[in-house]
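S.K.: Quick one, structure-v9.cif (mmCIF, C-alpha atoms):
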data_start
loop_
_atom_site.label_atom_id
_atom_site.label_comp_id
_atom_site.auth_asym_id
_atom_site.auth_seq_id
_atom_site.Cartn_x
_atom_site.Cartn_y
_atom_site.Cartn_z
CA MET N 149 -7.24 7.33 -18.89
CA ALA N 150 -6.35 5.73 -15.51
CA VAL N 151 -2.89 4.48 -16.58
CA ASN N 152 -0.84 5.78 -19.50
CA ASN N 153 2.14 3.83 -20.92
CA LEU N 154 3.11 2.54 -17.48
CA ASN N 155 6.24 0.39 -17.60
CA LEU N 156 7.40 -1.40 -14.43
CA ARG N 157 10.18 -3.94 -13.98
CA ILE N 158 10.44 -5.27 -10.43
CA PRO N 159 13.17 -7.78 -9.43
CA TYR N 160 12.03 -10.86 -7.52
CA GLY N 161 12.31 -10.57 -3.74
CA MET N 162 12.07 -6.77 -3.70
CA THR N 163 9.55 -4.67 -1.80
CA TYR N 164 8.23 -2.11 -4.29
CA GLY N 165 6.20 0.95 -3.34
CA LEU N 166 3.92 2.75 -5.79
CA LEU N 167 3.27 6.25 -4.44
CA GLY N 168 0.78 8.80 -5.63
CA PRO N 169 -2.28 10.84 -4.66
CA ASN N 170 -5.81 9.46 -4.71
CA GLY N 171 -6.88 8.89 -8.31
CA ALA N 172 -3.31 8.58 -9.61
CA GLY N 173 -3.86 5.05 -10.97
CA LYS N 174 -2.39 2.93 -8.16
CA THR N 175 -5.40 0.68 -7.57
CA THR N 176 -6.04 0.33 -11.32
CA THR N 177 -2.42 -0.83 -11.75
CA VAL N 178 -2.73 -3.43 -9.00
CA ARG N 179 -6.05 -4.71 -10.34
CA MET N 180 -4.56 -5.17 -13.81
CA LEU N 181 -1.48 -6.95 -12.44
CA ASN N 182 -3.77 -9.32 -10.51
CA ALA N 183 -5.77 -10.07 -13.69
CA ILE N 184 -8.92 -8.64 -12.10
CA ILE N 185 -9.39 -6.12 -14.92
CA SER N 186 -7.86 -6.18 -18.40
CA PRO N 187 -5.79 -3.34 -19.86
CA SER N 188 -7.20 -1.52 -22.88
CA ALA N 189 -3.74 -1.69 -24.45
CA GLY N 190 -0.45 -3.41 -23.69
CA THR N 191 0.12 -6.31 -21.32
CA ALA N 192 2.32 -7.43 -18.42
CA GLU N 193 3.92 -10.52 -16.97
CA VAL N 194 3.63 -11.38 -13.29
CA VAL N 195 5.99 -14.13 -12.06
CA GLY N 196 6.40 -15.14 -15.71
CA TYR N 197 2.69 -15.37 -16.56
CA ASP N 198 0.84 -13.12 -19.00
CA ILE N 199 -1.97 -11.25 -17.23
CA ILE N 200 -4.29 -11.65 -20.26
CA LYS N 201 -3.48 -15.08 -21.68
CA GLN N 202 -2.62 -16.79 -18.37
CA SER N 203 -4.86 -14.98 -15.90
CA LYS N 204 -5.61 -18.13 -13.85
CA GLN N 205 -1.92 -18.79 -13.18
CA VAL N 206 -1.43 -15.13 -12.29
CA LYS N 207 -4.21 -15.29 -9.68
CA ILE N 208 -2.85 -18.53 -8.20
CA ASN N 209 0.61 -16.99 -7.75
CA CYS N 210 -0.57 -13.62 -6.41
CA GLY N 211 -1.87 -12.63 -3.01
CA PHE N 212 -3.98 -9.47 -2.99
CA LEU N 213 -5.09 -7.30 -0.08
CA PRO N 214 -7.43 -4.58 -1.40
CA GLU N 215 -7.81 -1.22 0.32
CA SER N 216 -11.30 -2.12 1.59
CA PRO N 217 -11.29 -5.92 1.93
CA GLY N 218 -14.55 -7.77 2.43
CA LEU N 219 -14.96 -9.97 5.49
CA TYR N 220 -17.84 -12.24 6.40
CA GLN N 221 -18.52 -10.87 9.88
CA LYS N 222 -20.56 -13.89 11.00
CA LEU N 223 -17.67 -16.29 10.34
CA THR N 224 -14.82 -16.97 12.71
CA ALA N 225 -11.27 -16.19 11.59
CA LYS N 226 -10.62 -19.91 11.09
CA GLU N 227 -13.82 -20.41 9.07
CA PHE N 228 -13.04 -17.41 6.88
CA LEU N 229 -9.51 -18.64 6.12
CA GLU N 230 -10.86 -22.13 5.38
CA PHE N 231 -13.33 -20.56 2.93
CA VAL N 232 -10.57 -18.59 1.16
CA GLY N 233 -8.28 -21.62 1.05
CA GLU N 234 -11.00 -23.75 -0.54
CA LEU N 235 -11.38 -21.13 -3.29
CA TYR N 236 -7.79 -21.99 -4.23
CA TYR N 237 -8.58 -25.75 -4.04
CA LEU N 238 -6.00 -26.31 -1.31
CA PRO N 239 -6.06 -29.87 0.11
CA LYS N 240 -7.60 -29.97 3.62
CA GLU N 241 -4.41 -31.16 5.37
CA ILE N 242 -2.27 -28.46 3.76
CA LEU N 243 -4.93 -25.82 4.42
CA SER N 244 -5.23 -26.79 8.09
CA THR N 245 -1.45 -26.58 8.58
CA ARG N 246 -1.27 -23.30 6.68
CA ILE N 247 -4.01 -21.69 8.78
CA LYS N 248 -2.32 -22.78 12.00
CA GLU N 249 1.01 -21.31 10.85
CA LEU N 250 -0.53 -18.00 9.77
CA LEU N 251 -2.55 -17.58 12.98
CA GLU N 252 0.67 -18.12 14.92
CA ILE N 253 2.67 -15.67 12.76
CA PHE N 254 0.03 -12.95 13.13
CA ASP N 255 -0.49 -13.58 16.86
CA LEU N 256 -4.15 -14.58 16.50
CA GLU N 257 -3.95 -17.87 18.38
CA GLY N 258 -6.75 -18.19 20.91
CA ARG N 259 -9.04 -15.93 18.88
CA GLU N 260 -9.40 -18.10 15.80
CA ASN N 261 -12.86 -19.32 16.86
CA ASP N 262 -14.22 -15.84 17.65
CA LEU N 263 -16.56 -14.16 15.18
CA LEU N 264 -14.88 -11.54 13.00
CA GLU N 265 -17.53 -8.97 13.97
CA GLY N 266 -15.89 -8.82 17.40
CA TYR N 267 -12.40 -8.13 16.03
CA SER N 268 -10.72 -4.73 16.14
CA ARG N 269 -9.68 -3.05 12.85
CA GLY N 270 -6.09 -4.08 13.38
CA MET N 271 -7.06 -7.71 13.99
CA LYS N 272 -9.30 -7.74 10.92
CA GLN N 273 -6.39 -6.44 8.84
CA LYS N 274 -4.26 -9.27 10.20
CA VAL N 275 -6.89 -11.80 9.09
CA CYS N 276 -6.95 -10.17 5.65
CA LEU N 277 -3.17 -10.49 5.43
CA CYS N 278 -3.53 -14.17 6.36
CA ALA N 279 -6.07 -14.56 3.55
CA ALA N 280 -3.67 -12.90 1.09
CA LEU N 281 -0.97 -15.42 2.06
CA ILE N 282 -3.11 -18.56 2.37
CA GLN N 283 -2.05 -20.11 -0.97
CA ASP N 284 1.63 -19.22 -0.42
CA PRO N 285 1.83 -16.72 -3.32
CA LYS N 286 5.12 -15.65 -4.89
CA ILE N 287 4.11 -11.98 -4.98
CA ILE N 288 1.90 -10.08 -2.52
CA PHE N 289 0.00 -6.95 -3.54
CA LEU N 290 -1.03 -4.64 -0.70
CA ASP N 291 -3.28 -1.69 -1.57
CA GLU N 292 -3.09 0.92 1.23
CA PRO N 293 -2.45 -1.77 3.90
CA THR N 294 -2.51 0.70 6.82
CA SER N 295 -5.48 2.83 5.71
CA ASN N 296 -8.16 3.45 8.35
CA LEU N 297 -5.98 1.98 11.10
CA ASP N 298 -5.06 3.74 14.33
CA PRO N 299 -1.32 4.39 14.86
CA ALA N 300 -0.82 1.29 17.04
CA ALA N 301 -2.53 -1.06 14.57
CA ALA N 302 -0.70 0.58 11.64
CA ARG N 303 2.61 0.00 13.43
CA ILE N 304 1.78 -3.68 13.89
CA VAL N 305 0.87 -4.12 10.21
CA LYS N 306 4.06 -2.33 9.06
CA ASP N 307 6.15 -4.57 11.33
CA LEU N 308 4.43 -7.65 9.91
CA ILE N 309 5.12 -6.51 6.33
CA SER N 310 8.74 -5.85 7.23
CA GLU N 311 9.08 -9.33 8.74
CA LEU N 312 7.48 -10.89 5.67
CA ALA N 313 9.92 -9.09 3.40
CA LYS N 314 12.90 -10.33 5.43
CA LYS N 315 11.86 -13.93 6.06
CA ALA N 316 9.40 -15.05 3.40
CA ASP N 317 11.50 -14.52 0.24
CA LYS N 318 8.60 -12.97 -1.63
CA THR N 319 8.08 -9.94 -3.83
CA ILE N 320 5.87 -7.36 -2.12
CA PHE N 321 4.09 -4.61 -4.07
CA ILE N 322 2.65 -1.83 -1.91
CA CYS N 323 0.35 0.97 -3.07
CA THR N 324 0.29 3.87 -0.66
CA HIS N 325 0.19 7.62 -0.29
CA LEU N 326 1.93 7.43 3.11
CA LEU N 327 5.53 8.52 2.59
CA ASP N 328 6.85 7.30 5.94
CA ALA N 329 5.54 3.77 5.31
CA ALA N 330 7.08 3.70 1.83
CA GLU N 331 10.47 4.96 3.01
CA GLU N 332 10.51 2.47 5.87
CA LEU N 333 9.36 -0.63 3.99
CA CYS N 334 10.35 -0.32 0.32
CA ASP N 335 13.56 -1.20 -1.54
CA LEU N 336 12.30 0.55 -4.69
CA ILE N 337 9.76 3.34 -5.09
CA GLY N 338 7.85 4.67 -8.08
CA ILE N 339 5.86 7.91 -7.96
CA ILE N 340 2.80 7.97 -10.21
CA ASP N 341 0.49 10.85 -11.10
CA LYS N 342 -2.45 10.88 -13.53
CA GLY N 343 -1.48 7.40 -14.67
CA GLU N 344 2.12 8.28 -15.55
CA LEU N 345 5.27 7.13 -13.76
CA LYS N 346 7.18 10.30 -12.85
CA ILE N 347 10.29 8.85 -11.20
CA GLU N 348 11.59 5.51 -9.92
CA GLY N 349 14.47 4.25 -7.78
CA SER N 350 15.54 3.41 -4.25
CA PRO N 351 14.61 5.99 -1.57
CA LYS N 352 18.26 7.10 -1.46
CA GLU N 353 18.48 7.42 -5.26
CA LEU N 354 15.28 9.47 -5.40
CA ILE N 355 16.46 11.83 -2.67
CA GLU N 356 19.82 12.34 -4.39
CA SER N 357 18.37 12.70 -7.90
CA VAL N 358 16.30 15.80 -7.05
CA GLY N 359 18.57 17.22 -4.33
CA ALA N 360 16.04 16.67 -1.56
CA LYS N 361 16.58 16.09 2.16
CA ASP N 362 13.97 13.33 2.49
CA LEU N 363 11.30 11.42 0.58
CA GLU N 364 8.63 13.97 1.50
CA GLU N 365 10.58 16.70 -0.26
CA VAL N 366 11.09 14.43 -3.28
CA TYR N 367 7.35 13.87 -3.49
CA LEU N 368 6.55 17.58 -3.15
CA LYS N 369 9.03 18.47 -5.90
CA ILE N 370 7.91 15.75 -8.29
CA MET N 371 4.23 16.54 -7.74
CA ASP N 372 4.94 20.29 -7.87
CA VAL N 373 3.20 20.80 -4.51
CA SER N 374 4.09 23.79 -2.35
CA LYS N 375 4.45 23.57 1.40
CA ILE N 376 1.89 25.34 3.55
CA GLU N 377 4.09 28.39 4.16
CA ASP N 378 4.40 28.86 0.39
CA LEU N 379 0.68 28.51 -0.09
CA LEU N 380 0.03 31.31 2.42
CA VAL N 381 2.37 33.82 0.75
CA TRP N 382 -0.63 35.33 -1.07
CA ARG N 383 -1.76 36.86 2.23
CA ASP N 384 1.23 39.20 2.22
CA GLU N 385 0.12 40.59 -1.11
CA LEU N 386 -3.29 41.74 0.16
CA PRO N 387 -3.65 45.50 0.82
CA ILE N 388 -5.21 44.87 4.24
CA GLU N 389 -2.31 42.68 5.31
CA LYS N 390 0.20 45.28 4.09
CA GLU N 391 -1.59 48.00 6.09
CA LYS N 392 -1.52 45.84 9.22
CA LYS N 393 2.22 45.33 8.85
CA LYS N 394 2.81 49.08 8.49
CA LYS N 395 0.83 49.80 11.69
CA GLU N 396 2.77 47.11 13.57
CA LYS N 397 6.08 48.68 12.49
CA LYS N 398 4.94 52.13 13.66
CA ARG N 399 3.93 50.77 17.08
CA LYS N 400 7.32 49.14 17.54
CA LYS N 401 9.03 52.47 16.79
#
Transcribe the structure of this file into structure tokens.

M.R.:
Amino acid sequence: MAVNNLNLRIPYGMTYGLLGPNGAGKTTTVRMLNAIISPSAGTAEVVGYDIIKQSKQVKINCGFLPESPGLYQKLTAKEFLEFVGELYYLPKEILSTRIKELLEIFDLEGRENDLLEGYSRGMKQKVCLCAALIQDPKIIFLDEPTSNLDPAAARIVKDLISELAKKADKTIFICTHLLDAAEELCDLIGIIDKGELKIEGSPKELIESVGAKDLEEVYLKIMDVSKIEDLLVWRDELPIEKEKKKKEKKRKK
């Protein structure tokens, strides 16, 4: 079972981070909330629309950036965004204005007529973010938005998400296993494991609730993961290691 009795309530305008290891159920959750797959039990409302009965309205009001987005490499950035916009039946005048605004926001002006195959990973991720915003959605779902990016490109994407959260008045839902990104970007955080929500709250509330010093320690405690020094304690129990320690003590004497 990918998700088990998951219950989320996210206020409008918040940036929510769903944390968890690979296979925890993060992507399944996002796909259900975007009406891409249907739950086997239960339901949910996204911006007031039922994901089962009103799936079309859900998709119109949601922007979704998957972990491994597909790009048509032989299209230019402008052509690709025009294609995505037409899928949402956006009028040509509105679409043209929207593309121009997004290219300016994401600093892609001057490269809009270049083929996507010549773009760097960071630039491709920017185009994908543009595509997720093309229909002006009320909520944006980002599944591992900085995965496979080098540190510089990841920094750019995180800054863009932060700016969106401040200026765009939208709800942002981020799936990630990167604790630093979650702590930096999210107002609320939920930690999920094996399809179950383990804990939820603001970064400060989570840290205080388990008596941790930072979000990393919260995650390690909730997931019952030991730090590397704890994992290596077993070496001290081996007879060979004990003998080595005895010899070292004798030498020092």

S.K.: Quick one: residues within 9 Å of Val232 of chain N, all atoms listed in the file, excluding same-chain residues fewer than 3 positions away - as a PyMOL selection string?

M.R.: chain N and resi 227-229+235-236+279-280+282-283

S.K.: Would you list the contacts of Leu243 of chain N as a count of residues only, taking every protein, DNA or RNA residue within 8 Å and counting all atoms listed in the file, but skipping same-chain residues closer than 5 positions in sequence?

M.R.: 4

S.K.: Taking the file above as input, evaluate the PyMOL selection byres ((chain N and resi 205) around 12) and report the hits as JSON, numbers by chain.

M.R.: {"N": [181, 182, 183, 193, 194, 195, 196, 197, 198, 199, 200, 201, 202, 203, 204, 206, 207, 208, 209, 210, 211, 236, 285, 286]}

S.K.: Given all atoms listed in the file as the basis, pick out the residue of N:Glu364, N:Glu249, N:Glu260, N:Asp372 nearest to Thr224 of chain N.

M.R.: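 Between N:Glu364, N:Glu249, N:Glu260, N:Asp372, the residue approaching Thr224 of chain N most closely is N:Glu260.
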
S.K.: Which neighbours of segment 154-168 of chain N fall inside 8 Å, counting all atoms listed in the file, when residues of the same chain fewer than 6 positions from it are skipped, and could you give them as a short mmCIF file (atom, residue, chain, number, x, y, z; two decimals) with C-alpha atoms, keeping the file's coordinate frame?

M.R.:
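Contents of out37.cif, freshly written:
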data_model
loop_
_atom_site.label_atom_id
_atom_site.label_comp_id
_atom_site.auth_asym_id
_atom_site.auth_seq_id
_atom_site.Cartn_x
_atom_site.Cartn_y
_atom_site.Cartn_z
CA LYS N 174 -2.39 2.93 -8.16
CA ALA N 313 9.92 -9.09 3.40
CA ASP N 317 11.50 -14.52 0.24
CA LYS N 318 8.60 -12.97 -1.63
CA THR N 319 8.08 -9.94 -3.83
CA ILE N 320 5.87 -7.36 -2.12
CA PHE N 321 4.09 -4.61 -4.07
CA ILE N 322 2.65 -1.83 -1.91
CA CYS N 323 0.35 0.97 -3.07
CA THR N 324 0.29 3.87 -0.66
CA HIS N 325 0.19 7.62 -0.29
CA LEU N 326 1.93 7.43 3.11
CA LEU N 327 5.53 8.52 2.59
CA ALA N 330 7.08 3.70 1.83
CA LEU N 333 9.36 -0.63 3.99
CA CYS N 334 10.35 -0.32 0.32
CA ASP N 335 13.56 -1.20 -1.54
CA LEU N 336 12.30 0.55 -4.69
CA ILE N 337 9.76 3.34 -5.09
CA GLY N 338 7.85 4.67 -8.08
CA ILE N 339 5.86 7.91 -7.96
CA ILE N 340 2.80 7.97 -10.21
CA ASP N 341 0.49 10.85 -11.10
CA GLY N 343 -1.48 7.40 -14.67
CA GLU N 344 2.12 8.28 -15.55
CA LEU N 345 5.27 7.13 -13.76
#

S.K.: Within 8 Å of (-2.4, -4.1, -1.3), in the coordinates the file gives, what residues turn up when you count all atoms listed in the file, written out as a PDB file with C-alpha atoms, in the coordinates of the input?

M.R.:
ATOM      1  CA  VAL N 178      -2.730  -3.430  -9.000  1.00  0.00           C
ATOM      2  CA  PHE N 212      -3.980  -9.470  -2.990  1.00  0.00           C
ATOM      3  CA  LEU N 213      -5.090  -7.300  -0.080  1.00  0.00           C
ATOM      4  CA  PRO N 214      -7.430  -4.580  -1.400  1.00  0.00           C
ATOM      5  CA  GLU N 215      -7.810  -1.220   0.320  1.00  0.00           C
ATOM      6  CA  ILE N 288       1.900 -10.080  -2.520  1.00  0.00           C
ATOM      7  CA  PHE N 289       0.000  -6.950  -3.540  1.00  0.00           C
ATOM      8  CA  LEU N 290      -1.030  -4.640  -0.700  1.00  0.00           C
ATOM      9  CA  ASP N 291      -3.280  -1.690  -1.570  1.00  0.00           C
ATOM     10  CA  GLU N 292      -3.090   0.920   1.230  1.00  0.00           C
ATOM     11  CA  PRO N 293      -2.450  -1.770   3.900  1.00  0.00           C
ATOM     12  CA  PHE N 321       4.090  -4.610  -4.070  1.00  0.00           C
ATOM     13  CA  ILE N 322       2.650  -1.830  -1.910  1.00  0.00           C
ATOM     14  CA  CYS N 323       0.350   0.970  -3.070  1.00  0.00           C
TER      15      CYS N 323
END

S.K.: Grab the atom CA of Arg246 of chain N to atom CA of Leu263 of chain N distance for me, in Å with one decimal place.

M.R.: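 Atom-to-atom, atom CA of Arg246 of chain N and atom CA of Leu263 of chain N are spaced 19.7 Å apart.
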
S.K.: To one decimal in Å, tell me the separation between atom CA of Ser244 of chain N and atom CA of Asp284 of chain N.

M.R.: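 Computing it gives 13.3 Å between the two atoms.
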
S.K.: Work out how far atom CA of Thr176 of chain N is from atom CA of Pro351 of chain N, in Å to one decimal.

M.R.: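 The value is 23.5 Å.
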